[in-house]
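Reviewing the structure listed below.
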Amino acid sequence: MKPTPFDYKVATAWCPGCGNFSILPAVKTALSDLGLKPHQVLICSGIGQAAKLPHYMRCNTFNGLHGRSIPPATGAKLVNPELAVIAESGDGDIYGEGGNHLIHAIRRNIDITVIVHNNQVYGLTKGQASPTSEIGFATKVQTEGVKTAMMTPLTMALSLGAGFLARSFSGDIPHMSLMIREAIKHRGISIIDVLMPCVIFNKLNTFQWYKSRVYKLEENGWDPTDKLAAYEKSMEWGDKIPLGILYRKERPAYEDLVSVLQGKPLIDRDYSPQKVQELFGEFI
Amino acid sequence: MKPTPFDYKVATAWCPGCGNFSILPAVKTALSDLGLKPHQVLICSGIGQAAKLPHYMRCNTFNGLHGRSIPPATGAKLVNPELAVIAESGDGDIYGEGGNHLIHAIRRNIDITVIVHNNQVYGLTKGQASPTSEIGFATKVQTEGVKTAMMTPLTMALSLGAGFLARSFSGDIPHMSLMIREAIKHRGISIIDVLMPCVIFNKLNTFQWYKSRVYKLEENGWDPTDKLAAYEKSMEWGDKIPLGILYRKERPAYEDLVSVLQGKPLIDRDYSPQKVQELFGEFI
Amino acid sequence: MDFSIKIGGQAGQGMQTIGAILSKIFSRGGYHIFSNQDYQSRIRGGHNFYQIRIAAAPVSAPDDQIDLLLALDDLSITEHEFELRNGGGIIYDGSKSKSAKEGSGRFNIPLEKLALTEGGKKVFVNSVASGAALGLLNYDISPLETLLYESFSKKKPEMLESNIKAARAGYRFAQDNYSQQFAHKFKPGPAVPRMVINGNEAIALGALAAGCNFFAAYPMTPSTSILVYLAGKQAQFNIMVEQAEDEIAALNMILGASYAGARAMTATSGGGFSLMVEALSLAGITETPAVIVLAQRPGPATGLPTRTEQGELLFVLHAGHGEFARAIFTPGSSEEAFYLTQKAFNLADKYQIPVLILTDQYLADIYRNIEPFDLSSLAIDRHLATEEDLKDVREYKRHQLTPSGISPRLIPGRTEHVVVTDSDEHTEDGHLTEDLDVRVKMVDKRSRKYQGLAGAVIPPVLDGPAETDLLLIGWGSTYGVIKEVTQKLNAEGKRVSQLHFPQLWPFPSERVVEIFKSATRKVIIENNSTGQLAWLLRAETGLTVDEKILKYDGRPFTVNYIRGALKL
Amino acid sequence: MDFSIKIGGQAGQGMQTIGAILSKIFSRGGYHIFSNQDYQSRIRGGHNFYQIRIAAAPVSAPDDQIDLLLALDDLSITEHEFELRNGGGIIYDGSKSKSAKEGSGRFNIPLEKLALTEGGKKVFVNSVASGAALGLLNYDISPLETLLYESFSKKKPEMLESNIKAARAGYRFAQDNYSQQFAHKFKPGPAVPRMVINGNEAIALGALAAGCNFFAAYPMTPSTSILVYLAGKQAQFNIMVEQAEDEIAALNMILGASYAGARAMTATSGGGFSLMVEALSLAGITETPAVIVLAQRPGPATGLPTRTEQGELLFVLHAGHGEFARAIFTPGSSEEAFYLTQKAFNLADKYQIPVLILTDQYLADIYRNIEPFDLSSLAIDRHLATEEDLKDVREYKRHQLTPSGISPRLIPGRTEHVVVTDSDEHTEDGHLTEDLDVRVKMVDKRSRKYQGLAGAVIPPVLDGPAETDLLLIGWGSTYGVIKEVTQKLNAEGKRVSQLHFPQLWPFPSERVVEIFKSATRKVIIENNSTGQLAWLLRAETGLTVDEKILKYDGRPFTVNYIRGALKL
Ligand SMILES: Cc1ncc(C[n+]2csc(CCOP(=O)(O)OP(=O)(O)O)c2C)c(N)n1
Ligand SMILES: Cc1ncc(C[n+]2csc(CCOP(=O)(O)OP(=O)(O)O)c2C)c(N)n1
Ligand code: SF4
Ligand code: SF4
Ligand SMILES: [Mg+2]
Ligand SMILES: [Mg+2]
């Protein structure tokens, strides 16, 4: 990997062989290829193995609560819009505990990028099923195997009107990096579901399992503007799993629509207690 | 309305003209037409004007927290499966505050019926936008009109694999009643989005507004088994709004899959503290 | 002069409109006013009332009795008739009233008919009724006309004329038919520019005066009016108001915004606050400033959504897992609500902590007309890292260990430094750590903030002699009513003092111990069922009180209630 | 005899497996064992350890020093070498170790090589190491073979032989090469059927013994092992275990289940509990029984996910908006964890309240070998409405006003009555009300439960003379270590007693006041930074202690730490 300004030398807490190791350079090169500097980027993460990512690079970091990476990203972006804001966490975090924030963030369409490290399992808490675990996947809690329908998150996101949806795979750093770049460039919320092996707790969806199934949409003349096609495609899972930009549509970002957000960043405007005087008349 | 065993004479706290008034008899007749008795039915509701419904009829009632009608319904149904269990609340409650429960309840597919009184507004808290409010809908909080995408809840539910999805309208009691009957008969989770006017806070989506737009799918030879068609149809909104069973597909309910749920209701089995002796060996 | 009007009716009948109109009119006429509301958790129907007290001297509590009942429905008569003082009267609409009997002190005014004939629509009943009340009192009608002009000339000019006609009709009818029969009369004095403002509006203004630029909330009575008020000021005050999908999002959003440089606030009630508790703890460990308004209502759970209670002091004090510093403000009046909210932001920024403002439905909704806030000495103190702080810094450390416990704070993106923080225990540079020595240092660092916070605590307000026979102790919204009780008892020659707490955490122990020394009988008055301040007082000082006067029926205290309980 | 083995290495190297094997072997050999664990919030790498104390007499705390270090990596040597007592030794694998030097007390055993040659895979290192430890001690190898047989013969028969071969190889190598150089030797005594069980397993067993039939939770360290344990017993014990989408759902689900007739429980840690706080309040007003286990870890927020703290006592005490009754159990041992959990369900059902079980990572994970639980006197008391209760009832009232505050409880669907409850304030029949007289009656009814609850409170356990020079006070997981300190000091001729609280709410004030009278020096020992019990004690009784010994680095107390702090 060529060096980037985002490099930060520190030991990680990931397991040898974990997919997270290749997501990290993909994020760093994407940011650096976009010409961003560490202080111009904010990563908000939740809790889980994935959520540790920003600790292993140089950038502004708000590592908050499990399931809650998106709300702080929302707040930060609205007031300090010059930051490139990424919400990054695991599948349990973003699709499970934090599901409500995801669905409403899609509706809100603020210019943030959501990167989900989807290992189809709860890694940090030692291997329980996540919303994306496959039916039949057995764990110490799901002793008879998972019985609930596997979530296909991009299908759900599409149904809520998301304007940028992509899938990538931790086995392909250039592809992840490209997806992240495109996602950040997209105005409005963008969501990237990154398939990655958890070598410890997911013995079903292994590196090889993914490797042998994934294929690239862009290599197959995919038209990412066709919503209905994207809907069908988003559910493709099994022998073949599509990677790439599933759907892309420009729609106005929240920031473009809300009057008070026009002009200087909110945090740079002038505030004076004395201005409140203007309101006294209402009460007299 | 013909009398039902679910009738309960009490003054309501609804406003004159409110759509809730006609949902109530629809629920009661549906239950009574199914031959159910009040003690065999449990309605779990949240908080809001809609959520007051079970107080105005005779049935088991767990009127819980705002946004949380589905989890108690889930718990109750799993242990006491002979009850017909309904989760009933407003759009703010079920699609807003409680969104995460809805999406995971769909994945879980327990045999409960979710009835959403969708007035596209927060009624009880005096008229803020809800997730189903239309773009441009102005309120005292959304002073410039709503800027976030309107949720089409059935699209989302479909994308999560729901097996019974219907829409009805408070202006048509027999239709609502039919939908509720079919929903209760459906094994697994069923969701009914009931459009209803809020005469006080929603001056856009009025009775007339709905009345002039709704049409019945069943009268148009609709095939509720075609998922892709259902997907497209679920997004139809504006000049024409479809009512009826949008999608219906049998899929195994959670209760049919989980071993411990086979046989007698959990609450009727024998429990003895002394049985724990069987486990001592593990520890010795 | 001390005159009370009660406007009663069903939700949706416009009691609030009439109440607001009359309050402003009498305020402009130089009177002191105090008004409180009682409403149910429904949008139409039921029974609500709005009570206005009009007095020559400042007043700070509702009267137990009334002089004029403006009954918009029958129930209002049966419910409140008995509250009338001798010489009081009832305005009602005989055409709508089945039970009301004519007779002395009964003023049958065809409110609806006049609304229809003069304005053409039922909505004009509000203006008819306001006019009628003024007519009965022989008050000048022009202040009402002015007010209607101000309200409608710009926003709904087509409604102006009908309103004025309706108001005049009501005025004339009352004057012509009944003004002789009603003993009370008063006239406007010289205009005084006092603000008729309630607790929530004062909080909203306080936030604006603090430069709050991000507010996220989820609607919940009785906090919603803060959300609504601020939403209306977005462009004018450069504040983004976001309705969050739930309360969890609301607090997490404002933490993100605050981290990113905003001055951020949220407001909610008990149920919503419960959902914020995890993020409160996040504010604690990430040292992110946040201002959180909790407008209490009776619990548990949904409880009584539109009533009042002070049941969450101890909850707020210990809310959040783990141990971390916070401050709790408990304003007792619109003035305190304003100044304390403004201060809360400075305190939150200085100590990088959550500051909680505990109010309740009663304070949220009571109106008093007060002197306009003095803005001259207010400042926005961000306490951000200075160039000096960063002079020799190569790698910025968001959580640098310092003697005060306060680390230099940078806004991400505004320097070349990166700002790193974490919900896990972390090193000085904000990265997660499992080094247990660092853990201890960080806990100690965060608790050291209490040294500064304790020094900055707003002392309890002692009103009355230090040597006292009876000390009446309260916090938050009971301030006004205890004040009136104290004044009355003193006027009767008793030696009584009031001790009011505008801040309860850090607890001002030293000062309390001192005050307790010279007081004989000590009574705590709280709108809850357990006596939470009494408990806190004992935990912090070992002191106990002689009695607790508690009320938990969802209604506020009244002067007579407290006097009765004091058995003096 | 009192011998401690520490097994150190990286996450994933199998310290837990080796620790569990050795613990059982020595337990079966008639020894008393105590083991504790220290691990990080990661799945592989880092540094973890597992320490086993093996003694002739009962032991209830870790030793500060060790006799044998089984170092699976280099770091374990550098980190723990200094803890070795004279005559102690280190087992390590020279081929993997860069820094370790040969020498006296250094036992270089080719663990990995033996695993590969004997078993063909690295995983057999666990068996090699277990064998090596026994070989060094000249302990019999057959208990190890038996255990391996029990573990593998059914579940993974293909692994059995290799494991036994590996174990034998390790045993033999140690015996042949080093057993002469290691002074410590011990042999199995007559078999004693004690249970090697940790706090979480004891809680899970307690729940099963209470007939818990619904458990919903969201995974969170250190509570997850309760979820995992119960999930494995679903069919056998007729308990449904559901992984909820979040903690809000978890508690709301169990409230629905409990309402519908189940005995329901959830377990979580601080962050998850924060999210449950709203539903806790719902349990309060709907009077729905619930058992909630909160396994504490250091906060705030994510804090130190795998460490221990007692930082949430006051949070749990006041958690939830509004005021409502609850009970808080604070077990100090596996025995208390079991019996109190079993009791919690009966108490929750009787008073129709939430019962909170406060434990922590330390208690959750420590193993002791204890006498099998005495099940003979345990019963499942549902306290449901009887035929008698319903005899003359035409319309059943779920929230009927009664002198005890407890209303007859019916299971929906099991009679022709309907069971109605509400998060709003409600009438006796469960329907929402805005009648403020009813409100007061309902608040009073719910608080009356405290009369019964206070009578049923488990008194604090006083161990040692009532007249004492030194009273060591603690709650929850500090029980064991304070017990050892007390025993040691008494053995040295000092007059010391221990006061342990297995239940902290309702607070057993009377008994404490009495006990305090005859104690001279009173010291509270808590695993937190503020002294939460000390605060509660003062709030409830006005009493203060002479000192607080606090620890908040995420690690539990040790005997020496407390002794040092006592400066005796
Ligand atoms: C409120 C809350 N609940 C539970 C946890 C415990 N927890 C930490 S990480 C995690 C799941 C992690 O799964 P995922 O998000 O998929 O991340 P991964 O470790 O697989 O990368 C859980 C449940 C927590 N920290 N906070
Ligand atoms: C945790 C929580 N947040 C907020 C509220 C306040 N609240 C009560 S009802 C309601 C919205 C109601 O809207 P909806 O669910 O659409 O029901 P409607 O009144 O429109 O039928 C809100 C926000 C609450 N009770 N609890
Ligand atoms: S547990 Fe799984 S996801 Fe977590 S670091 Fe290890 S391999 Fe990666
Ligand atoms: S506010 Fe709207 S939804 Fe609520 S009762 Fe009135 S009309 Fe119906
Ligand atoms: Mg994961
Ligand atoms: Mg609604």
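As shown in the structure tokens, the chain order sets the letters A, B, ...; within each chain, residues go from 1, and ligands are also counted from 1 in the order they appear.
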
Residues of chain C within 8 Å of chain A, counting only C-alpha atoms, what are they? List them as a ChimeraX atom specification. /C:24,27-28,193-197,205,208-211,213-214,234-235,237-240,245,249-250,252-262,279,282,372,375-376,378-380,412-423,431-432

Contacts with ligand 4 at most 8 Å, only C-alpha atoms and all ligand atoms counted, listed as an MDAnalysis selection string: (chainID B and resid 13:20 48:50 119 121:124 126:127 197:202) or (chainID C and resid 42:44)

Select, from B:Lys264, B:Arg107, B:His117, B:Lys28, the residue with the minimum atom-to-atom distance to ligand 6, counting only C-alpha atoms and all ligand atoms.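 Looking at the shortest contact to ligand 6, the residue is B:His117.
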
Env of C:Glu145: 7 Å cut, atoms = only C-alpha atoms, seq-sep filter 4 positions within chain, self excluded. Answer as an NGL selection string. :C and (141 or 149 or 164)

Go ahead and dump the residues you just picked, all heavy atoms, as a JSON list (two decimals), in the first residue's frame.
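Resulting contents of selection-v6.json:
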```json
[["chain", "number", "residue", "atom", "x", "y", "z"],
["C", 141, "ILE", "N", -61.76, 49.27, 25.66],
["C", 141, "ILE", "CA", -61.67, 48.23, 24.62],
["C", 141, "ILE", "C", -60.51, 48.44, 23.67],
["C", 141, "ILE", "O", -60.06, 47.50, 23.00],
["C", 141, "ILE", "CB", -63.00, 48.10, 23.83],
["C", 141, "ILE", "CG1", -62.95, 46.77, 23.02],
["C", 141, "ILE", "CG2", -63.25, 49.33, 22.95],
["C", 141, "ILE", "CD1", -64.12, 46.50, 22.14],
["C", 149, "TYR", "N", -55.33, 44.03, 16.02],
["C", 149, "TYR", "CA", -54.68, 44.63, 14.86],
["C", 149, "TYR", "C", -53.28, 44.04, 14.68],
["C", 149, "TYR", "O", -52.89, 43.59, 13.61],
["C", 149, "TYR", "CB", -54.63, 46.15, 15.00],
["C", 149, "TYR", "CG", -53.93, 46.80, 13.84],
["C", 149, "TYR", "CD1", -54.61, 47.05, 12.65],
["C", 149, "TYR", "CD2", -52.59, 47.14, 13.92],
["C", 149, "TYR", "CE1", -53.96, 47.62, 11.57],
["C", 149, "TYR", "CE2", -51.92, 47.70, 12.85],
["C", 149, "TYR", "CZ", -52.62, 47.95, 11.68],
["C", 149, "TYR", "OH", -51.97, 48.51, 10.60],
["C", 164, "ILE", "N", -62.42, 42.38, 15.09],
["C", 164, "ILE", "CA", -62.68, 43.62, 15.82],
["C", 164, "ILE", "C", -64.18, 43.82, 16.01],
["C", 164, "ILE", "O", -64.64, 44.17, 17.10],
["C", 164, "ILE", "CB", -62.01, 44.81, 15.09],
["C", 164, "ILE", "CG1", -60.48, 44.65, 15.26],
["C", 164, "ILE", "CG2", -62.51, 46.15, 15.64],
["C", 164, "ILE", "CD1", -59.66, 45.80, 14.75]]
```

Enumerate as an NGL selection string the residues belonging to chain B that approach chain A to within 9 Å, with only C-alpha atoms taken into account. :B and (95-101 or 103-104 or 106-109 or 131 or 144 or 147-153 or 155-161 or 228 or 231-232 or 235 or 254 or 257-259)

Nearest candidate to chain D (options C:Lys551, C:His318, C:Lys154, C:Arg448; using only C-alpha atoms):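 Closest candidate: C:His318.
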
Per residue of chain C within 7 Å of chain D, note the shortest atom pair and the distance in Å to one decimal, counting only C-alpha atoms, and order the rows by chain and increasing residue number, as CSV.
```
residue,atom,partner,partner_atom,distance
C:Gly270,CA,D:His321,CA,5.1
C:Gly271,CA,D:Glu278,CA,5.8
C:Ser274,CA,D:Glu278,CA,5.0
C:Leu275,CA,D:Leu275,CA,5.7
C:Val277,CA,D:Ser274,CA,5.5
C:Glu278,CA,D:Ser274,CA,5.0
C:Ser281,CA,D:Ala301,CA,5.1
C:Leu282,CA,D:Ala301,CA,5.0
C:Gly284,CA,D:Pro300,CA,6.5
C:Ile285,CA,D:Pro300,CA,5.6
C:Pro298,CA,D:Gly322,CA,6.3
C:Gly299,CA,D:Gly322,CA,4.0
C:Pro300,CA,D:Gly322,CA,4.2
C:Ala301,CA,D:Leu282,CA,5.0
C:Thr302,CA,D:Asp424,CA,4.6
C:Gly303,CA,D:Asp424,CA,4.2
C:Leu304,CA,D:Glu425,CA,6.0
C:Gly311,CA,D:Gly322,CA,5.1
C:Glu312,CA,D:His321,CA,5.9
C:Leu314,CA,D:His318,CA,6.1
C:Phe315,CA,D:His318,CA,4.8
C:His318,CA,D:Phe315,CA,4.8
C:Ala319,CA,D:Phe315,CA,5.6
C:Gly320,CA,D:Ser274,CA,6.3
C:His321,CA,D:Gly270,CA,5.1
C:Gly322,CA,D:Gly299,CA,4.0
C:Glu323,CA,D:Pro300,CA,6.0
C:Phe324,CA,D:Pro300,CA,6.8
C:Ser423,CA,D:Thr302,CA,5.1
C:Asp424,CA,D:Gly303,CA,4.2
C:Glu425,CA,D:Gly303,CA,4.7
C:Glu434,CA,D:Leu304,CA,7.0
C:Leu436,CA,D:Asp553,CA,5.3
C:Asp437,CA,D:Asp553,CA,6.9
C:Arg439,CA,D:Asp553,CA,5.9
C:Val440,CA,D:Asp553,CA,5.3
C:Trp535,CA,D:Ala539,CA,5.7
C:Leu536,CA,D:Ala539,CA,6.7
C:Arg538,CA,D:Ala539,CA,5.0
C:Ala539,CA,D:Ala539,CA,3.7
C:Gly542,CA,D:Gly542,CA,5.0
C:Tyr552,CA,D:Val440,CA,6.6
C:Asp553,CA,D:Val440,CA,5.3
C:Gly554,CA,D:Leu436,CA,6.8
```

What lies within 12 Å of D:Ile366 using only C-alpha atoms, ignoring chain neighbours under 6 positions off, as a ChimeraX atom specification? /D:16,19-20,23,33-38,50-53,59-62,196-202,222,308,332-334,359-360,477-478,480-481,556
